[in-house]
$ cat model.cif   # mmCIF, C-alpha atoms
data_work
loop_
_atom_site.group_PDB
_atom_site.id
_atom_site.type_symbol
_atom_site.label_atom_id
_atom_site.label_comp_id
_atom_site.auth_asym_id
_atom_site.auth_seq_id
_atom_site.Cartn_x
_atom_site.Cartn_y
_atom_site.Cartn_z
ATOM 1 C CA MET F 743 27.999 32.905 110.979
ATOM 2 C CA THR F 744 27.020 36.572 110.441
ATOM 3 C CA VAL F 745 29.319 39.283 109.093
ATOM 4 C CA GLY F 746 29.491 40.824 112.547
ATOM 5 C CA GLU F 747 30.440 37.502 114.118
ATOM 6 C CA ARG F 748 33.166 36.909 111.534
ATOM 7 C CA VAL F 749 34.588 40.364 112.155
ATOM 8 C CA ARG F 750 34.434 39.991 115.937
ATOM 9 C CA SER F 751 36.133 36.599 115.742
ATOM 10 C CA ARG F 752 39.114 38.141 113.934
ATOM 11 C CA ARG F 753 39.911 41.054 116.232
ATOM 12 C CA VAL F 754 39.485 42.233 119.779
ATOM 13 C CA GLY F 755 37.357 45.394 119.946
ATOM 14 C CA ARG F 756 38.045 48.316 122.177
ATOM 15 C CA LYS F 757 36.050 48.761 125.337
ATOM 16 C CA GLY F 758 33.484 51.557 125.046
ATOM 17 C CA ALA F 759 34.838 54.959 126.062
ATOM 18 C CA ALA F 760 33.589 56.391 129.347
ATOM 19 C CA LEU F 761 31.757 59.679 128.979
ATOM 20 C CA THR F 762 31.601 62.463 131.531
ATOM 21 C CA ALA F 763 29.236 65.386 131.930
ATOM 22 C CA ALA F 764 31.915 67.642 130.472
ATOM 23 C CA LEU F 765 32.024 65.471 127.358
ATOM 24 C CA LEU F 766 28.275 65.851 126.927
ATOM 25 C CA LEU F 767 28.582 69.607 127.094
ATOM 26 C CA ALA F 768 31.519 69.583 124.668
ATOM 27 C CA LEU F 769 29.732 67.460 122.105
ATOM 28 C CA GLY F 770 27.195 70.116 121.176
ATOM 29 C CA GLY F 771 25.559 69.723 117.789
ATOM 30 C CA ALA F 772 28.778 69.259 115.881
ATOM 31 C CA ALA F 773 28.091 65.714 114.741
ATOM 32 C CA CYS F 774 25.630 66.981 112.164
ATOM 33 C CA SER F 775 27.438 70.172 111.197
ATOM 34 C CA SER F 776 29.337 70.546 107.965
ATOM 35 C CA GLY F 777 33.101 70.532 108.031
ATOM 36 C CA PRO F 778 35.260 72.620 105.726
ATOM 37 C CA ASP F 779 35.617 71.398 102.184
ATOM 38 C CA PRO F 780 39.167 70.606 101.042
ATOM 39 C CA ALA F 781 40.576 73.163 98.661
ATOM 40 C CA GLU F 782 39.770 72.659 95.018
ATOM 41 C CA GLU F 783 42.450 70.790 93.112
ATOM 42 C CA THR F 784 44.426 72.635 90.472
ATOM 43 C CA ASP F 785 44.281 71.662 86.821
ATOM 44 C CA SER F 786 47.789 70.263 87.112
ATOM 45 C CA ARG F 787 46.456 67.513 89.403
ATOM 46 C CA ARG F 788 43.793 66.423 86.942
ATOM 47 C CA THR F 789 46.244 63.950 85.451
ATOM 48 C CA PHE F 790 47.228 60.546 86.734
ATOM 49 C CA VAL F 791 49.902 60.425 89.388
ATOM 50 C CA GLU F 792 53.351 60.157 87.851
ATOM 51 C CA GLY F 793 54.633 56.621 87.917
ATOM 52 C CA ARG F 794 51.172 55.072 88.447
ATOM 53 C CA PRO F 795 49.560 53.580 85.358
ATOM 54 C CA SER F 796 45.874 54.070 84.775
ATOM 55 C CA PRO F 797 43.703 50.950 85.191
ATOM 56 C CA THR F 798 43.664 48.515 82.304
ATOM 57 C CA PRO F 799 40.438 48.883 80.299
ATOM 58 C CA THR F 800 38.206 45.860 80.690
ATOM 59 C CA GLY F 801 34.550 45.068 80.405
ATOM 60 C CA ASP F 802 34.756 42.847 83.498
ATOM 61 C CA TRP F 803 34.784 43.855 87.146
ATOM 62 C CA ASP F 804 38.321 43.810 88.573
ATOM 63 C CA THR F 805 38.240 42.078 91.960
ATOM 64 C CA SER F 806 41.850 43.057 92.731
ATOM 65 C CA PRO F 807 42.150 46.852 92.464
ATOM 66 C CA GLU F 808 45.522 48.341 93.324
ATOM 67 C CA SER F 809 44.442 51.847 94.332
ATOM 68 C CA ILE F 810 41.405 53.212 96.184
ATOM 69 C CA ALA F 811 39.890 56.663 96.666
ATOM 70 C CA ALA F 812 37.209 57.140 99.314
ATOM 71 C CA LEU F 813 34.317 59.598 99.041
ATOM 72 C CA GLY F 814 31.596 60.377 101.546
ATOM 73 C CA ASP F 815 30.849 61.930 104.912
ATOM 74 C CA SER F 816 31.893 61.616 108.544
ATOM 75 C CA ILE F 817 31.513 57.828 108.568
ATOM 76 C CA THR F 818 34.236 57.336 105.960
ATOM 77 C CA ILE F 819 36.607 59.808 107.620
ATOM 78 C CA GLY F 820 36.188 58.000 110.960
ATOM 79 C CA PHE F 821 34.602 60.891 112.872
ATOM 80 C CA ASP F 822 34.223 60.225 116.627
ATOM 81 C CA THR F 823 35.811 56.802 116.173
ATOM 82 C CA CYS F 824 39.026 57.562 118.059
ATOM 83 C CA SER F 825 38.384 60.763 120.007
ATOM 84 C CA LEU F 826 35.645 63.295 120.622
ATOM 85 C CA LEU F 827 34.668 65.607 117.774
ATOM 86 C CA ALA F 828 37.656 64.585 115.663
ATOM 87 C CA ASP F 829 38.230 62.825 112.368
ATOM 88 C CA CYS F 830 40.137 59.542 112.550
ATOM 89 C CA PRO F 831 41.055 58.574 108.969
ATOM 90 C CA GLU F 832 43.232 55.721 110.181
ATOM 91 C CA ALA F 833 40.021 54.003 111.357
ATOM 92 C CA SER F 834 38.184 54.481 108.049
ATOM 93 C CA TRP F 835 36.487 51.352 106.720
ATOM 94 C CA SER F 836 37.656 52.262 103.214
ATOM 95 C CA THR F 837 41.242 53.490 103.380
ATOM 96 C CA GLY F 838 42.246 53.271 107.047
ATOM 97 C CA THR F 839 45.358 51.670 108.529
ATOM 98 C CA SER F 840 44.044 50.515 111.923
ATOM 99 C CA PRO F 841 44.613 46.765 112.459
ATOM 100 C CA GLU F 842 41.379 46.661 114.483
ATOM 101 C CA VAL F 843 39.420 47.748 111.424
ATOM 102 C CA GLU F 844 41.381 46.028 108.648
ATOM 103 C CA SER F 845 40.026 48.411 106.037
ATOM 104 C CA LEU F 846 39.078 47.561 102.496
ATOM 105 C CA ALA F 847 42.425 48.977 101.359
ATOM 106 C CA GLU F 848 44.339 46.826 103.851
ATOM 107 C CA ARG F 849 42.497 43.736 102.629
ATOM 108 C CA LEU F 850 42.928 44.439 98.919
ATOM 109 C CA LEU F 851 46.077 46.401 98.224
ATOM 110 C CA PRO F 852 49.626 45.053 98.300
ATOM 111 C CA ASP F 853 50.911 48.430 99.546
ATOM 112 C CA PRO F 854 48.147 50.868 100.593
ATOM 113 C CA SER F 855 50.576 53.544 101.794
ATOM 114 C CA ASP F 856 50.910 55.306 98.439
ATOM 115 C CA ALA F 857 47.760 54.084 96.720
ATOM 116 C CA THR F 858 44.871 55.486 98.764
ATOM 117 C CA TRP F 859 43.181 58.874 98.995
ATOM 118 C CA ASN F 860 40.354 59.844 101.345
ATOM 119 C CA TYR F 861 38.274 62.844 100.266
ATOM 120 C CA ALA F 862 35.368 62.223 102.650
ATOM 121 C CA VAL F 863 34.398 65.258 104.749
ATOM 122 C CA ALA F 864 32.345 65.285 107.946
ATOM 123 C CA GLY F 865 28.957 66.892 107.339
ATOM 124 C CA SER F 866 28.916 66.217 103.598
ATOM 125 C CA ASP F 867 25.704 65.410 101.801
ATOM 126 C CA MET F 868 25.055 64.307 98.232
ATOM 127 C CA ALA F 869 25.477 67.851 96.905
ATOM 128 C CA ASP F 870 29.139 67.674 97.963
ATOM 129 C CA LEU F 871 29.848 64.400 96.174
ATOM 130 C CA PRO F 872 30.544 65.797 92.672
ATOM 131 C CA GLY F 873 33.383 67.927 94.061
ATOM 132 C CA GLN F 874 34.859 64.962 95.889
ATOM 133 C CA ALA F 875 34.562 62.877 92.721
ATOM 134 C CA ASP F 876 36.440 65.510 90.750
ATOM 135 C CA ARG F 877 39.324 65.436 93.222
ATOM 136 C CA ALA F 878 39.429 61.632 93.255
ATOM 137 C CA ALA F 879 39.409 61.389 89.463
ATOM 138 C CA ALA F 880 42.711 63.281 89.352
ATOM 139 C CA HIS F 881 44.435 60.160 90.696
ATOM 140 C CA ARG F 882 42.739 57.734 88.311
ATOM 141 C CA PRO F 883 42.171 55.176 91.073
ATOM 142 C CA ASP F 884 41.239 51.600 90.240
ATOM 143 C CA LEU F 885 38.358 51.790 92.731
ATOM 144 C CA VAL F 886 36.306 54.572 94.306
ATOM 145 C CA THR F 887 34.155 53.861 97.352
ATOM 146 C CA VAL F 888 31.051 55.918 98.121
ATOM 147 C CA LEU F 889 29.104 56.041 101.397
ATOM 148 C CA ILE F 890 26.923 59.118 101.714
ATOM 149 C CA GLY F 891 23.317 60.104 102.315
ATOM 150 C CA ALA F 892 22.752 60.093 106.072
ATOM 151 C CA ASN F 893 23.216 63.863 106.282
ATOM 152 C CA ASP F 894 20.662 64.346 103.505
ATOM 153 C CA ALA F 895 18.099 62.750 105.820
ATOM 154 C CA CYS F 896 19.501 64.158 109.085
ATOM 155 C CA ALA F 897 18.261 67.686 108.493
ATOM 156 C CA ARG F 898 16.912 70.218 110.997
ATOM 157 C CA ASP F 899 13.392 68.976 110.225
ATOM 158 C CA VAL F 900 11.727 66.693 107.684
ATOM 159 C CA SER F 901 10.937 69.569 105.329
ATOM 160 C CA ALA F 902 14.670 70.283 104.988
ATOM 161 C CA MET F 903 15.673 66.772 103.912
ATOM 162 C CA THR F 904 17.265 66.661 100.460
ATOM 163 C CA PRO F 905 14.592 66.110 97.784
ATOM 164 C CA THR F 906 14.998 62.732 96.120
ATOM 165 C CA ASP F 907 15.260 64.301 92.649
ATOM 166 C CA ASP F 908 18.130 66.514 93.801
ATOM 167 C CA PHE F 909 19.800 63.520 95.415
ATOM 168 C CA ARG F 910 19.555 61.645 92.114
ATOM 169 C CA ALA F 911 20.851 64.532 90.004
ATOM 170 C CA ASP F 912 23.943 65.023 92.185
ATOM 171 C CA PHE F 913 24.702 61.308 92.294
ATOM 172 C CA GLU F 914 24.407 61.039 88.509
ATOM 173 C CA ARG F 915 26.677 64.066 88.151
ATOM 174 C CA SER F 916 29.228 62.450 90.470
ATOM 175 C CA LEU F 917 29.379 59.275 88.398
ATOM 176 C CA ARG F 918 29.646 61.297 85.188
ATOM 177 C CA THR F 919 32.505 63.259 86.721
ATOM 178 C CA LEU F 920 34.355 60.049 87.546
ATOM 179 C CA GLU F 921 33.643 58.552 84.139
ATOM 180 C CA ARG F 922 34.873 61.658 82.354
ATOM 181 C CA GLY F 923 37.970 62.181 84.512
ATOM 182 C CA SER F 924 38.917 58.542 85.038
ATOM 183 C CA PRO F 925 36.922 56.318 82.670
ATOM 184 C CA ASP F 926 38.389 53.015 83.860
ATOM 185 C CA THR F 927 37.687 53.580 87.542
ATOM 186 C CA GLN F 928 35.257 51.184 89.231
ATOM 187 C CA VAL F 929 32.820 52.430 91.882
ATOM 188 C CA TYR F 930 31.521 50.623 94.954
ATOM 189 C CA VAL F 931 28.419 52.268 96.436
ATOM 190 C CA ALA F 932 27.266 51.477 99.980
ATOM 191 C CA SER F 933 23.636 51.947 100.958
ATOM 192 C CA VAL F 934 22.559 54.586 103.491
ATOM 193 C CA PRO F 935 22.418 53.054 106.994
ATOM 194 C CA ASP F 936 19.096 52.402 108.722
ATOM 195 C CA LEU F 937 18.631 55.468 110.922
ATOM 196 C CA GLU F 938 15.422 54.170 112.467
ATOM 197 C CA ARG F 939 17.209 51.010 113.535
ATOM 198 C CA LEU F 940 19.790 53.255 115.253
ATOM 199 C CA TRP F 941 17.002 55.040 117.157
ATOM 200 C CA SER F 942 15.432 51.731 118.122
ATOM 201 C CA GLN F 943 18.800 50.421 119.331
ATOM 202 C CA GLY F 944 19.519 53.390 121.616
ATOM 203 C CA ARG F 945 16.105 54.765 122.619
ATOM 204 C CA ASP F 946 16.185 52.998 126.004
ATOM 205 C CA ASN F 947 19.788 53.954 126.739
ATOM 206 C CA ALA F 948 19.854 57.024 128.984
ATOM 207 C CA LEU F 949 23.319 58.109 127.855
ATOM 208 C CA ALA F 950 22.500 57.762 124.159
ATOM 209 C CA THR F 951 19.295 59.783 124.453
ATOM 210 C CA ARG F 952 21.060 62.538 126.409
ATOM 211 C CA ILE F 953 23.683 62.825 123.675
ATOM 212 C CA TRP F 954 21.143 62.754 120.854
ATOM 213 C CA GLN F 955 19.232 65.635 122.408
ATOM 214 C CA LEU F 956 22.293 67.812 121.838
ATOM 215 C CA GLY F 957 21.353 67.942 118.161
ATOM 216 C CA ILE F 958 22.503 64.742 116.451
ATOM 217 C CA CYS F 959 20.292 63.847 113.465
ATOM 218 C CA PRO F 960 17.238 65.722 114.779
ATOM 219 C CA THR F 961 14.853 64.394 112.142
ATOM 220 C CA MET F 962 15.258 60.856 113.461
ATOM 221 C CA LEU F 963 16.857 61.133 116.894
ATOM 222 C CA GLY F 964 15.306 64.346 118.184
ATOM 223 C CA ASP F 965 13.010 63.877 121.204
ATOM 224 C CA PRO F 966 13.999 60.189 121.280
ATOM 225 C CA ALA F 967 11.566 59.164 124.033
ATOM 226 C CA ALA F 968 8.511 60.438 122.147
ATOM 227 C CA VAL F 969 6.299 57.740 120.625
ATOM 228 C CA ASP F 970 3.193 59.810 119.934
ATOM 229 C CA ALA F 971 1.604 59.985 116.495
ATOM 230 C CA ALA F 972 3.580 63.061 115.404
ATOM 231 C CA ALA F 973 6.944 61.590 116.419
ATOM 232 C CA THR F 974 6.124 58.262 114.809
ATOM 233 C CA GLU F 975 5.103 59.959 111.561
ATOM 234 C CA ARG F 976 8.300 62.039 111.588
ATOM 235 C CA ARG F 977 10.489 58.967 111.897
ATOM 236 C CA GLU F 978 8.501 57.128 109.242
ATOM 237 C CA ARG F 979 9.021 59.999 106.813
ATOM 238 C CA VAL F 980 12.771 59.913 107.442
ATOM 239 C CA SER F 981 12.875 56.145 106.890
ATOM 240 C CA GLU F 982 10.876 56.480 103.690
ATOM 241 C CA ARG F 983 13.297 59.112 102.433
ATOM 242 C CA VAL F 984 16.290 56.900 103.243
ATOM 243 C CA ASP F 985 14.591 54.067 101.324
ATOM 244 C CA ALA F 986 14.099 56.449 98.394
ATOM 245 C CA TYR F 987 17.772 57.459 98.514
ATOM 246 C CA ASN F 988 18.842 53.818 98.453
ATOM 247 C CA ALA F 989 16.556 53.126 95.491
ATOM 248 C CA VAL F 990 18.277 55.988 93.651
ATOM 249 C CA LEU F 991 21.739 54.658 94.498
ATOM 250 C CA GLU F 992 20.792 51.241 93.178
ATOM 251 C CA GLU F 993 19.112 52.473 89.988
ATOM 252 C CA VAL F 994 21.821 54.947 89.014
ATOM 253 C CA CYS F 995 24.640 52.546 89.857
ATOM 254 C CA ASP F 996 23.013 49.697 87.915
ATOM 255 C CA ALA F 997 22.775 51.953 84.859
ATOM 256 C CA ALA F 998 26.497 52.786 85.016
ATOM 257 C CA GLU F 999 29.087 50.582 83.347
ATOM 258 C CA ARG F 1000 31.558 50.232 86.214
ATOM 259 C CA CYS F 1001 29.492 50.521 89.374
ATOM 260 C CA ARG F 1002 28.437 48.039 92.059
ATOM 261 C CA TYR F 1003 25.783 48.801 94.656
ATOM 262 C CA ASP F 1004 25.975 46.853 97.910
ATOM 263 C CA GLY F 1005 22.491 45.423 97.426
ATOM 264 C CA GLY F 1006 21.298 47.199 100.574
ATOM 265 C CA ALA F 1007 23.798 45.341 102.785
ATOM 266 C CA VAL F 1008 24.788 48.330 104.949
ATOM 267 C CA HIS F 1009 21.171 49.396 105.403
ATOM 268 C CA ALA F 1010 20.137 45.859 106.323
ATOM 269 C CA TYR F 1011 22.969 45.244 108.791
ATOM 270 C CA ARG F 1012 21.795 45.404 112.420
ATOM 271 C CA PHE F 1013 24.631 47.300 114.121
ATOM 272 C CA THR F 1014 24.988 46.364 117.779
ATOM 273 C CA ALA F 1015 25.711 48.749 120.649
ATOM 274 C CA ASP F 1016 29.450 48.002 120.627
ATOM 275 C CA GLU F 1017 29.580 48.672 116.887
ATOM 276 C CA VAL F 1018 28.423 52.270 117.460
ATOM 277 C CA SER F 1019 30.703 54.980 118.861
ATOM 278 C CA GLY F 1020 30.319 55.468 122.617
ATOM 279 C CA LEU F 1021 31.169 59.128 122.048
ATOM 280 C CA ASP F 1022 27.999 60.040 120.149
ATOM 281 C CA TRP F 1023 25.905 56.881 119.674
ATOM 282 C CA PHE F 1024 25.675 57.704 115.984
ATOM 283 C CA HIS F 1025 28.892 57.003 114.109
ATOM 284 C CA PRO F 1026 30.450 53.534 113.826
ATOM 285 C CA SER F 1027 33.004 52.463 116.400
ATOM 286 C CA ARG F 1028 36.127 50.642 115.245
ATOM 287 C CA LYS F 1029 34.100 47.441 115.362
ATOM 288 C CA GLY F 1030 31.416 49.105 113.245
ATOM 289 C CA GLN F 1031 34.029 50.348 110.789
ATOM 290 C CA ALA F 1032 35.321 46.771 110.538
ATOM 291 C CA VAL F 1033 31.823 45.588 109.648
ATOM 292 C CA LEU F 1034 31.616 48.164 106.847
ATOM 293 C CA ALA F 1035 35.006 47.012 105.565
ATOM 294 C CA GLU F 1036 33.888 43.377 105.571
ATOM 295 C CA LEU F 1037 30.647 44.142 103.739
ATOM 296 C CA ALA F 1038 32.545 46.122 101.106
ATOM 297 C CA PHE F 1039 35.202 43.436 100.716
ATOM 298 C CA GLU F 1040 32.579 40.760 100.086
ATOM 299 C CA ARG F 1041 30.926 42.867 97.397
ATOM 300 C CA VAL F 1042 34.063 44.138 95.693
ATOM 301 C CA THR F 1043 35.712 40.713 95.480
ATOM 302 C CA ALA F 1044 32.652 38.795 94.271
ATOM 303 C CA PRO F 1045 33.430 37.346 90.793
ATOM 304 C CA ARG F 1046 30.096 38.574 89.532
ATOM 305 C CA GLU F 1047 27.535 40.972 90.942
ATOM 306 C CA PRO F 1048 25.020 39.146 93.180
#
$ encode --input "model.cif" --output "structure tokens"
Amino acid sequence: MTVGERVRSRRVGRKGAALTAALLLALGGAACSSGPDPAEETDSRRTFVEGRPSPTPTGDWDTSPESIAALGDSITIGFDTCSLLADCPEASWSTGTSPEVESLAERLLPDPSDATWNYAVAGSDMADLPGQADRAAAHRPDLVTVLIGANDACARDVSAMTPTDDFRADFERSLRTLERGSPDTQVYVASVPDLERLWSQGRDNALATRIWQLGICPTMLGDPAAVDAAATERRERVSERVDAYNAVLEEVCDAAERCRYDGGAVHAYRFTADEVSGLDWFHPSRKGQAVLAELAFERVTAPREP
């Protein structure tokens, strides 16, 4: 049985939301725009939360963390999962509370209500991760989850995609920030999803292509019906860059003491139409968020790294 089948067997998914012409006009290009960064934390918050002990130092991976901080972009904050052009943190695969999703926190923590923090921001790319890591480190969480990188590839054109060296430098800085601010924190890193698979899944869907033409991930999803040499080369370059990003995530995480990469599980997963938001055909639906939670749970709770 596949991950998706196991998830679907455990919960009843929502029916896809009906979209109207007004919704299409309202959507605009916001799905790829940057949201406001949370305010910088004060120095007084760069200590562990009163009453919560820091994780016990150990050379082994702890499969039962008791606190989780989530970092990343619109996927981890549940953008367009519940309503149009809105964050939905309760549906987050990492720290959400929705019973349809059964987030990683819900699966792992005895009481997630006071032991989770979500610093993901819609529109974030890897350059934003060090700041998020700094805010998360203030809580000294047992586990930090990271899912980021799609916006680095979803630029206005292929020349504007984040250079791989810059992507690496910011990811390394993020892990150093966590190690310095919260040295016993473990990190789970999810791979960047397969954007070309998303295009392939929706290219023959009239509604999806209409929405994409409003400006969602133009490097991959722009002019979705085009299959000429130029369009094919453009998509190939985006896929190659995503592969390069995932290679960086794996290499840097493997070199860190307390980091687990997902082994490419998110990138390899073939999301189905009902696992993608019917509001933008880009972000995960609740079913898709549940898949991400399941993939993370399998990796985090494995006795040893596969």
$ resolve_selection --input "model.cif" --expression "the PyMOL selection byres ((chain F and resi 943) around 10)" --output "PDB file with C-alpha atoms, in the frame of the given file"
ATOM      1  CA  LEU F 937      18.631  55.468 110.922  1.00  0.00           C
ATOM      2  CA  GLU F 938      15.422  54.170 112.467  1.00  0.00           C
ATOM      3  CA  ARG F 939      17.209  51.010 113.535  1.00  0.00           C
ATOM      4  CA  LEU F 940      19.790  53.255 115.253  1.00  0.00           C
ATOM      5  CA  TRP F 941      17.002  55.040 117.157  1.00  0.00           C
ATOM      6  CA  SER F 942      15.432  51.731 118.122  1.00  0.00           C
ATOM      7  CA  GLY F 944      19.519  53.390 121.616  1.00  0.00           C
ATOM      8  CA  ARG F 945      16.105  54.765 122.619  1.00  0.00           C
ATOM      9  CA  ASP F 946      16.185  52.998 126.004  1.00  0.00           C
ATOM     10  CA  ASN F 947      19.788  53.954 126.739  1.00  0.00           C
ATOM     11  CA  ALA F 950      22.500  57.762 124.159  1.00  0.00           C
ATOM     12  CA  ARG F1012      21.795  45.404 112.420  1.00  0.00           C
ATOM     13  CA  PHE F1013      24.631  47.300 114.121  1.00  0.00           C
ATOM     14  CA  THR F1014      24.988  46.364 117.779  1.00  0.00           C
ATOM     15  CA  ALA F1015      25.711  48.749 120.649  1.00  0.00           C
ATOM     16  CA  VAL F1018      28.423  52.270 117.460  1.00  0.00           C
ATOM     17  CA  TRP F1023      25.905  56.881 119.674  1.00  0.00           C
TER      18      TRP F1023
END
$ closest_residue --input "model.cif" --among "F:Ala1044, F:Leu991, F:Val886, F:Ala812" --to "Thr927 in chain F" --atoms "all atoms listed in the file"
F:Val886
$ resolve_selection --input "model.cif" --expression "the PyMOL selection byres ((chain F and resi 1024) around 10)" --output "JSON, numbers by chain"
{"F": [773, 817, 821, 822, 937, 940, 941, 944, 950, 953, 954, 958, 959, 963, 1017, 1018, 1019, 1020, 1021, 1022, 1023, 1025, 1026, 1027]}
$ closest_atom_pairs --input "model.cif" --of "range 882-970 of chain F" --to "range 995-998 of chain F" --cutoff "12 Å" --atoms "only C-alpha atoms" --output "Markdown table"
| residue | atom | partner | partner_atom | distance |
| --- | --- | --- | --- | --- |
| F:Val888 | CA | F:Cys995 | CA | 11.0 |
| F:Arg910 | CA | F:Cys995 | CA | 10.7 |
| F:Phe913 | CA | F:Cys995 | CA | 9.1 |
| F:Glu914 | CA | F:Cys995 | CA | 8.6 |
| F:Arg915 | CA | F:Ala998 | CA | 11.7 |
| F:Ser916 | CA | F:Cys995 | CA | 10.9 |
| F:Leu917 | CA | F:Ala998 | CA | 7.9 |
| F:Arg918 | CA | F:Ala998 | CA | 9.1 |
| F:Leu920 | CA | F:Ala998 | CA | 11.0 |
| F:Glu921 | CA | F:Ala998 | CA | 9.2 |
| F:Pro925 | CA | F:Ala998 | CA | 11.3 |
| F:Asp926 | CA | F:Ala998 | CA | 12.0 |
| F:Thr927 | CA | F:Ala998 | CA | 11.5 |
| F:Gln928 | CA | F:Ala998 | CA | 9.9 |
| F:Val929 | CA | F:Cys995 | CA | 8.4 |
| F:Tyr930 | CA | F:Cys995 | CA | 8.8 |
| F:Val931 | CA | F:Cys995 | CA | 7.6 |
| F:Ala932 | CA | F:Cys995 | CA | 10.5 |
| F:Ser933 | CA | F:Cys995 | CA | 11.2 |
$ resolve_selection --input "model.cif" --expression "the PyMOL selection byres ((chain F and resi 1037) around 8)" --output "count of residues only"
12
$ atom_distance --input "model.cif" --atom1 "CA of Leu885 in chain F" --atom2 "CA of Ala862 in chain F"
14.7 Å
$ residues_around --input "model.cif" --residues "Ile890 in chain F" --least-positions-apart "5" --cutoff "12 Å" --atoms "all atoms listed in the file" --output "MDAnalysis selection string"
chainID F and resid 812:819 862:872 874 895:896 909 912:913 916 930:935 984 987:988 991 1008:1009
$ atom_distance --input "model.cif" --atom1 "CA of Asp936 in chain F" --atom2 "CA of Thr858 in chain F"
27.8 Å
$ atom_distance --input "model.cif" --atom1 "CA of Gly1030 in chain F" --atom2 "CA of Asp829 in chain F"
15.3 Å
$ closest_residue --input "model.cif" --among "F:Val1042, F:Glu808, F:Thr904, F:Gln1031" --to "Ser840 in chain F" --atoms "only C-alpha atoms"
F:Gln1031
$ axis_aligned_box --input "model.cif" --around "range 818-834 of chain F" --padding-each-side "8 Å" --output "AutoDock Vina command-line options"
--center_x 38.7 --center_y 59.8 --center_z 113.3 --size_x 25.0 --size_y 27.6 --size_z 30.7
$ closest_residue --input "model.cif" --among "F:Pro883, F:Pro852, F:Pro841, F:Pro960" --to "Ser901 in chain F" --atoms "only C-alpha atoms"
F:Pro960
$ closest_residue --input "model.cif" --among "F:Val980, F:Cys830, F:Ala972, F:Leu850" --to "Asp804 in chain F" --atoms "all atoms listed in the file"
F:Leu850
$ residues_around --input "model.cif" --residues "Ala897 in chain F" --least-positions-apart "3" --cutoff "7 Å" --atoms "all atoms listed in the file" --output "PyMOL selection string"
chain F and resi 893-894+900+902-903+959-961
$ closest_residue --input "model.cif" --among "F:Glu832, F:Asp907, F:Glu842, F:Glu848" --to "Arg983 in chain F" --atoms "all atoms listed in the file"
F:Asp907
